[in-house]
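All remarks here apply to the structure that follows.
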Protein chains: 2
Amino acid sequence: MSNISRLSIDNSNLFDTDIGEGGVSNKEIEALSDRLDPLRKQIKEWTNSDHPTFLNLPHKSNLKAIKERGQKIAGQFSRTIVFGIGGSSLGGEMLVRTLGDSHPKNSVSFYDNVDPSTMITLENVDWHETLLLVISKSGNTAEVLSQFLTTLPIMEHELGYEQASKHTLFITENREGALYKLGEELNIEIIEHPPVGGRFSVLSVVGLLPAYIGGVDIAGVMEGARAMSERCAEDDILKNPAFYDGAAQYLHARRNRTISVVMPYADNLRFVVNWFRQLWAESLGKIDADGNHHGLTPTEAHGVTDQHSQLQLLLEGPDDKLVTFITDPGFRFQGRRVPLRFREIPAISPLAGHTIGELFMSELKATRTTLSRRGRPNRTLALLERDAYALGELIILLEMETVVVATLMGIDPFDQPAVEESKILTREYLSEIQLIGDLI
Amino acid sequence: MSNISRLSIDNSNLFDTDIGEGGVSNKEIEALSDRLDPLRKQIKEWTNSDHPTFLNLPHKSNLKAIKERGQKIAGQFSRTIVFGIGGSSLGGEMLVRTLGDSHPKNSVSFYDNVDPSTMITLENVDWHETLLLVISKSGNTAEVLSQFLTTLPIMEHELGYEQASKHTLFITENREGALYKLGEELNIEIIEHPPVGGRFSVLSVVGLLPAYIGGVDIAGVMEGARAMSERCAEDDILKNPAFYDGAAQYLHARRNRTISVVMPYADNLRFVVNWFRQLWAESLGKIDADGNHHGLTPTEAHGVTDQHSQLQLLLEGPDDKLVTFITDPGFRFQGRRVPLRFREIPAISPLAGHTIGELFMSELKATRTTLSRRGRPNRTLALLERDAYALGELIILLEMETVVVATLMGIDPFDQPAVEESKILTREYLSEIQLIGDLI
């Protein structure tokens, strides 16, 4: 059925057997099992239903259509610019930056902010060579609409009205939304955003289309995602990786380890953390039915760099964190070798003869060990092959863990009710600008 | 004496008068005043002593020598590559990326990791045009030594032994350290690292030399830093900005708001956050004399992007955070204007006619207001002129606040005792590599 996993999950340093009394136990995990019964039922429904959900995306997605469209785009344009914010950009950017071609024929870049000093860089784009891909599920996102509406005149000036529309593509769901209406009025092609929340949409056209254009093996991503989704359908809590690690994280959170530090040892895995931060924060930061505030704070640290920045806090600060290392053991064999030439100098002697990659991985191991010796919980997710398949596995694992933790907390992982007020206020403040005179 | 401040500090949303019972009070702040007496004495000593400290750097630094050296380097090379990690790179990178020339004649880039897939990009450097600046206070930092020793053969191959040395410059303090010995053996010029810890060294040659080469007005930075250091010498706790805001943050931490979220609304202020994260984490994550674990966790969020990622958690998650916004009100007047053309579409109507910058600043104001209405503490640091002077003020403010919080916690902000174990283990694991066969 499924292939051999290329994602190694080592959660031993979350447990009492390895880190002593600070760790959780299998017995505690098993005691939570019954509370996941409703989720077990939902997983079966999600996987099999015809209604798209984050979990059946890998099973039901029509890759053929995405590939055909991607090939057409890649044949016609040398550059794709994505306008999107949050779930509309983070997933695609993770795929492109982690797996994409490093010297691409077709470059893909993401504008996910409305900082005017960043937006001004759009003035230098050669629009004759460029496709603009605008993504908003609701079609009413203020930032994305503003990005598009301020860029449209530049495109129209350079390309003419009709051609500007042909250099633009929308992804949106809401037929009543502004983006849909603009598409109709300007004769811009619209791809349907599936009815899956932005932060769970990476394995749909939202993430896969930019990924494919950027040279990512999206079939491989989906294959890995499918394999992991099958493992996550396992009933036994100790054999289901997302149930097991999700429950362990929940138990640590109950012991006040409410900060989730994700520490990639690999520069280009940082984009996985950017994507994960939204998934974790927005899914778990909620008020439950009894009015209790829930939420685990995701933070990032970068190996090895942050050993010289955050490690002191991780080791001697309050015991309020759980660290997830993400890495690629293959690094060990990479990088130039430190020459033997100066090995008589004391600080150089342990380095001489070793590769940069060996140093990099030894540092990870040292950080793990130091944390564990102090009873600080940590786990390691290693992409044994840093390829599309392993990343697909990782994506589903982290999505499912998020759902598991939400279920145990008694909250809905899929909504984000609190941010509406700030959106309304933004519009209010915009309308008052002439009056208030000052925005600080 | 001092110029008018270009840094606006609005801490009103930390106080009960503005956010209700969740806020702290001036009375509570004043009650802490006596505990800062030893610090008041130290500030006077630090400022006036001939022994360099982070606080007298702006008063005693010899800018003339740094500028002369920088001019020489900029005249001879078109590119400077800095090898350094933690305090050896974060300060300089902040200055260059925030204030540096965006189209520099002399580019400055920082390598602060030993990820082999990043290090490989050094193979393409034109060393004939390039200066290598290697920074390590102790001179024994494994990462920096490995970076240098694996790069040296490439430089020597391209330039010859003698020229390679002339394209290299060291900054180090320890005459017994490996870097010093390498400098002597290879005939490489050595600049003395001042006896100031890395994370407090930005206003010394460590940060200022790369900044000057990168086009930063370092005299302006120092002028702002001096002005703020004078304000921070004020005895009255309510009139000393670092004492006031430091004490307020300490009081919030005592109410379990132990996560410090720094949220710049300005893409290029992100590098200020990178620098601050080390300052805050490494200075405050400590065990005190009674064995208690202290530490406030710095995290970052990016405005407006993370309104679509972290805001739900900030609003409805646990009340365990204090948010510091950093911004530039001048943004309001920047960016293209959303055309009126589609203003009949409901979601577009509030945007029509406004600049991208007005949207950006309205979003900040909405986020502030939403947090404050829910009693979530926050403050805003605004660079009224985004220039060297204001950044200099900000640097000293954040450094002094860190020292104030450490003093109130009863810990030493200047050491980092816990990371030594991990450094020793790294060397151990390197030496065992043949035996263990696997680093995961």
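As shown in the structure tokens, the chain order sets the letters A, B, ...; within each chain, residues go from 1, and ligands are also counted from 1 in the order they appear.
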_Lys137 in chain A environment, 8 Å, only C-alpha atoms, sequence neighbours closer than 4 positions dropped, as a VMD selection string_ = chain A and resid 88 171 to 174 193 197 to 198
*Taking the backbone alone, and naming residues the way the document does, which bits of range 80-172 of chain A are helix (DSSP H, G or I) by DSSP, as an MDAnalysis selection string?*
chainID A and resid 86:88 90:99 116:124 127:129 142:159 161:166
*Find the residues around Lys105 in chain B up to 9 Å (only C-alpha atoms counted), leave out those fewer than 4 positions away in its own chain, and share them as number ranges by chain.*
B: 74, 78-79, 101, 214-215
Those same residues - all heavy atoms - I'd like them written as a PDB file, in the first residue's frame.
ATOM      1  N   ALA B  74      36.192  50.145   1.325  1.00  0.00           N
ATOM      2  CA  ALA B  74      35.229  50.433   0.262  1.00  0.00           C
ATOM      3  C   ALA B  74      35.942  50.859  -1.021  1.00  0.00           C
ATOM      4  O   ALA B  74      35.443  50.625  -2.125  1.00  0.00           O
ATOM      5  CB  ALA B  74      34.249  51.510   0.719  1.00  0.00           C
ATOM      6  N   SER B  78      34.591  45.658  -3.759  1.00  0.00           N
ATOM      7  CA  SER B  78      33.189  45.991  -4.029  1.00  0.00           C
ATOM      8  C   SER B  78      32.253  45.165  -3.159  1.00  0.00           C
ATOM      9  O   SER B  78      31.065  45.431  -3.087  1.00  0.00           O
ATOM     10  CB  SER B  78      32.865  45.770  -5.505  1.00  0.00           C
ATOM     11  OG  SER B  78      32.973  44.399  -5.824  1.00  0.00           O
ATOM     12  N   ARG B  79      32.794  44.147  -2.512  1.00  0.00           N
ATOM     13  CA  ARG B  79      31.944  43.283  -1.699  1.00  0.00           C
ATOM     14  C   ARG B  79      32.649  42.935  -0.387  1.00  0.00           C
ATOM     15  O   ARG B  79      33.866  42.713  -0.380  1.00  0.00           O
ATOM     16  CB  ARG B  79      31.637  42.000  -2.477  1.00  0.00           C
ATOM     17  CG  ARG B  79      30.724  41.078  -1.732  1.00  0.00           C
ATOM     18  CD  ARG B  79      30.198  39.937  -2.589  1.00  0.00           C
ATOM     19  NE  ARG B  79      29.348  39.102  -1.757  1.00  0.00           N
ATOM     20  CZ  ARG B  79      28.879  37.919  -2.105  1.00  0.00           C
ATOM     21  NH1 ARG B  79      29.170  37.413  -3.280  1.00  0.00           N
ATOM     22  NH2 ARG B  79      28.122  37.223  -1.292  1.00  0.00           N
ATOM     23  N   ASP B 101      22.505  51.446   2.126  1.00  0.00           N
ATOM     24  CA  ASP B 101      22.188  51.826   0.768  1.00  0.00           C
ATOM     25  C   ASP B 101      21.484  50.651   0.086  1.00  0.00           C
ATOM     26  O   ASP B 101      21.970  49.531   0.121  1.00  0.00           O
ATOM     27  CB  ASP B 101      23.530  52.111   0.064  1.00  0.00           C
ATOM     28  CG  ASP B 101      23.354  52.987  -1.148  1.00  0.00           C
ATOM     29  OD1 ASP B 101      22.269  52.921  -1.750  1.00  0.00           O
ATOM     30  OD2 ASP B 101      24.297  53.723  -1.477  1.00  0.00           O
ATOM     31  N   GLY B 214      28.634  49.416   4.315  1.00  0.00           N
ATOM     32  CA  GLY B 214      27.338  49.252   3.659  1.00  0.00           C
ATOM     33  C   GLY B 214      26.572  50.552   3.469  1.00  0.00           C
ATOM     34  O   GLY B 214      25.404  50.518   3.059  1.00  0.00           O
ATOM     35  N   GLY B 215      27.192  51.668   3.797  1.00  0.00           N
ATOM     36  CA  GLY B 215      26.552  52.954   3.485  1.00  0.00           C
ATOM     37  C   GLY B 215      25.730  53.564   4.608  1.00  0.00           C
ATOM     38  O   GLY B 215      24.940  54.481   4.377  1.00  0.00           O
TER      39      GLY B 215
END
Contact residues around Ser431 in chain B with only C-alpha atoms at 12 Å, ignoring same-chain residues under 6 positions, as a PDB file with N, CA, C and O atoms, in the first residue's frame:
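To be explicit, this is the file written out as around-v1.pdb:
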ATOM      1  N   SER A 349      41.636  21.885  16.622  1.00  0.00           N
ATOM      2  CA  SER A 349      41.889  20.447  16.581  1.00  0.00           C
ATOM      3  C   SER A 349      40.623  19.573  16.496  1.00  0.00           C
ATOM      4  O   SER A 349      40.572  18.649  15.695  1.00  0.00           O
ATOM      5  N   PRO A 350      39.548  19.846  17.267  1.00  0.00           N
ATOM      6  CA  PRO A 350      38.371  18.975  17.133  1.00  0.00           C
ATOM      7  C   PRO A 350      37.652  19.123  15.792  1.00  0.00           C
ATOM      8  O   PRO A 350      36.857  18.260  15.406  1.00  0.00           O
ATOM      9  N   LEU A 351      37.903  20.240  15.084  1.00  0.00           N
ATOM     10  CA  LEU A 351      37.217  20.489  13.817  1.00  0.00           C
ATOM     11  C   LEU A 351      37.964  19.898  12.632  1.00  0.00           C
ATOM     12  O   LEU A 351      37.350  19.510  11.625  1.00  0.00           O
ATOM     13  N   ALA A 352      39.289  19.812  12.757  1.00  0.00           N
ATOM     14  CA  ALA A 352      40.134  19.455  11.619  1.00  0.00           C
ATOM     15  C   ALA A 352      39.745  18.099  11.042  1.00  0.00           C
ATOM     16  O   ALA A 352      39.533  17.139  11.778  1.00  0.00           O
ATOM     17  N   GLY A 353      39.591  18.048   9.737  1.00  0.00           N
ATOM     18  CA  GLY A 353      39.261  16.797   9.062  1.00  0.00           C
ATOM     19  C   GLY A 353      37.778  16.543   8.925  1.00  0.00           C
ATOM     20  O   GLY A 353      37.366  15.614   8.227  1.00  0.00           O
ATOM     21  N   HIS A 354      36.971  17.342   9.581  1.00  0.00           N
ATOM     22  CA  HIS A 354      35.516  17.132   9.503  1.00  0.00           C
ATOM     23  C   HIS A 354      34.882  18.039   8.453  1.00  0.00           C
ATOM     24  O   HIS A 354      35.356  19.137   8.192  1.00  0.00           O
ATOM     25  N   GLU A 358      29.205  17.690   8.956  1.00  0.00           N
ATOM     26  CA  GLU A 358      29.392  16.932  10.203  1.00  0.00           C
ATOM     27  C   GLU A 358      29.316  17.864  11.415  1.00  0.00           C
ATOM     28  O   GLU A 358      28.724  17.531  12.446  1.00  0.00           O
ATOM     29  N   LEU A 359      29.912  19.042  11.281  1.00  0.00           N
ATOM     30  CA  LEU A 359      29.805  20.024  12.364  1.00  0.00           C
ATOM     31  C   LEU A 359      28.345  20.390  12.604  1.00  0.00           C
ATOM     32  O   LEU A 359      27.852  20.393  13.742  1.00  0.00           O
ATOM     33  N   SER A 362      26.543  17.535  14.258  1.00  0.00           N
ATOM     34  CA  SER A 362      27.019  17.336  15.639  1.00  0.00           C
ATOM     35  C   SER A 362      26.424  18.397  16.554  1.00  0.00           C
ATOM     36  O   SER A 362      26.123  18.131  17.726  1.00  0.00           O
TER      37      SER A 362
ATOM     38  N   ILE B 424      30.863  21.849  24.304  1.00  0.00           N
ATOM     39  CA  ILE B 424      31.747  20.721  24.614  1.00  0.00           C
ATOM     40  C   ILE B 424      31.225  19.451  23.934  1.00  0.00           C
ATOM     41  O   ILE B 424      31.988  18.684  23.331  1.00  0.00           O
ATOM     42  N   LEU B 425      29.900  19.251  24.002  1.00  0.00           N
ATOM     43  CA  LEU B 425      29.317  18.060  23.385  1.00  0.00           C
ATOM     44  C   LEU B 425      29.536  18.038  21.872  1.00  0.00           C
ATOM     45  O   LEU B 425      29.785  16.991  21.287  1.00  0.00           O
ATOM     46  N   GLY B 437      28.621   6.611  13.529  1.00  0.00           N
ATOM     47  CA  GLY B 437      28.084   6.326  12.200  1.00  0.00           C
ATOM     48  C   GLY B 437      26.843   7.109  11.842  1.00  0.00           C
ATOM     49  O   GLY B 437      26.473   7.200  10.696  1.00  0.00           O
ATOM     50  N   LEU B 439      24.351  10.615  12.894  1.00  0.00           N
ATOM     51  CA  LEU B 439      24.194  11.805  13.730  1.00  0.00           C
ATOM     52  C   LEU B 439      22.741  12.108  14.016  1.00  0.00           C
ATOM     53  O   LEU B 439      22.405  13.113  14.618  1.00  0.00           O
TER      54      LEU B 439
END
_Neighbouring residues of Pro417 in chain B were defined as those with any atom within 9 Å, considering only C-alpha atoms; residues of the same chain fewer than 3 positions away were excluded. Please report them as a PyMOL selection string._
(chain A and resi 312+316) or (chain B and resi 286+420-421)
*Which residues come within 7 Å of range 384-395 of chain B, counting only C-alpha atoms, excluding same-chain residues fewer than 3 positions away, as a list in words?*
Arg6, Leu7, Ser8, Leu99, Asp217, Gly220, Val221, Met222, Glu223, Gly224, Ala225, Ala227, Met228, Asp328, Pro329, Leu398 and Glu399 of chain B
*In Å, rounded to a single decimal, give me how far CA of Ala366 in chain A is from CA of Arg427 in chain B.*
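Going from CA of Arg427 in chain B over to CA of Ala366 in chain A covers 8.8 Å.
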Find the residues near range 26-28 of chain A: any atom within 8 Å, counting only C-alpha atoms, skip ones fewer than 2 places away on the same chain, and give them as an mmCIF file with N, CA and C atoms, in the first residue's frame.
data_model
loop_
_atom_site.group_PDB
_atom_site.id
_atom_site.type_symbol
_atom_site.label_atom_id
_atom_site.label_comp_id
_atom_site.auth_asym_id
_atom_site.auth_seq_id
_atom_site.Cartn_x
_atom_site.Cartn_y
_atom_site.Cartn_z
ATOM 1 N N PHE A 15 9.381 11.698 26.512
ATOM 2 C CA PHE A 15 8.866 10.698 27.448
ATOM 3 C C PHE A 15 9.703 10.530 28.710
ATOM 4 N N VAL A 24 6.307 12.762 29.584
ATOM 5 C CA VAL A 24 4.990 12.138 29.692
ATOM 6 C C VAL A 24 5.162 10.627 29.555
ATOM 7 N N GLU A 30 -2.371 6.811 26.458
ATOM 8 C CA GLU A 30 -3.467 5.868 26.229
ATOM 9 C C GLU A 30 -4.756 6.312 26.913
ATOM 10 N N ALA A 31 -4.604 6.993 28.054
ATOM 11 C CA ALA A 31 -5.795 7.464 28.768
ATOM 12 C C ALA A 31 -6.567 8.514 27.968
ATOM 13 N N LEU A 32 -5.903 9.138 27.007
ATOM 14 C CA LEU A 32 -6.577 10.151 26.178
ATOM 15 C C LEU A 32 -7.289 9.545 24.976
ATOM 16 N N LEU A 238 -1.076 4.720 19.892
ATOM 17 C CA LEU A 238 0.383 4.607 19.929
ATOM 18 C C LEU A 238 0.982 4.281 18.562
#
May I have a table of the residues of range 297-392 of chain A lying at most 12 Å from range 245-263 of chain B, giving each one's closest pair of atoms and their distance in Å to one decimal, counting only C-alpha atoms, ordered by chain and ascending residue number, as a Markdown table?
| residue | atom | partner | partner_atom | distance |
| --- | --- | --- | --- | --- |
| A:Thr297 | CA | B:Ile259 | CA | 8.9 |
| A:Pro298 | CA | B:Ile259 | CA | 11.0 |
| A:Thr299 | CA | B:Val261 | CA | 10.0 |
| A:Gly317 | CA | B:Thr258 | CA | 10.8 |
| A:Pro318 | CA | B:Thr258 | CA | 9.5 |
| A:Asp319 | CA | B:Thr258 | CA | 11.9 |
| A:Asp320 | CA | B:Thr258 | CA | 9.8 |
| A:Lys321 | CA | B:Ile259 | CA | 11.4 |
*Record the distance separating CA of His128 in chain A and CA of Asn106 in chain A, expressed in Å with one decimal.*
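A separation of 13.7 Å between them.
Residue-level DSSP output for range 92-284 of chain B, from the backbone, shows strand (DSSP E) at Ser107, Val108, Ser109, Phe110, Tyr111, Thr130, Leu131, Leu132, Leu133, Val134, Ile135, Thr168, Leu169, Phe170, Ile171, Thr172, Glu189, Ile190, Ile191, Glu192, Ile259, Ser260, Val261, Val262, Met263, Pro264 and Tyr265 of chain B.
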_Proximity to Ser283 in chain B - best of A:Val196, A:Ala382, A:Leu313, A:Leu131, only C-alpha atoms_ = A:Leu313
*Have a look at CA of Arg231 in chain B and CA of Glu21 in chain B and let me know their distance in Å, one decimal.*
29.6 Å
_Residue nearest chain A - candidates B:Thr168, B:Gly291, B:Ser146, B:Leu397, atoms counted: only C-alpha atoms_ =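 Closest candidate: B:Ser146.
Distance annotation: of A:Ile19, A:Ile66, A:Leu381, A:Val216, the residue with the minimal separation from chain B is A:Leu381; atom set is only C-alpha atoms.
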*May I ask which of the residues A:Thr118, A:Thr355, A:Gln147, A:Thr402 is the closest one to Phe331 in chain A, counting only C-alpha atoms?*
A:Thr355
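With only C-alpha atoms as the atoms that count, the minimum distance from chain A to the choices B:Ser138, B:Ser61, B:Thr130, B:Gln416 is reached by B:Gln416.
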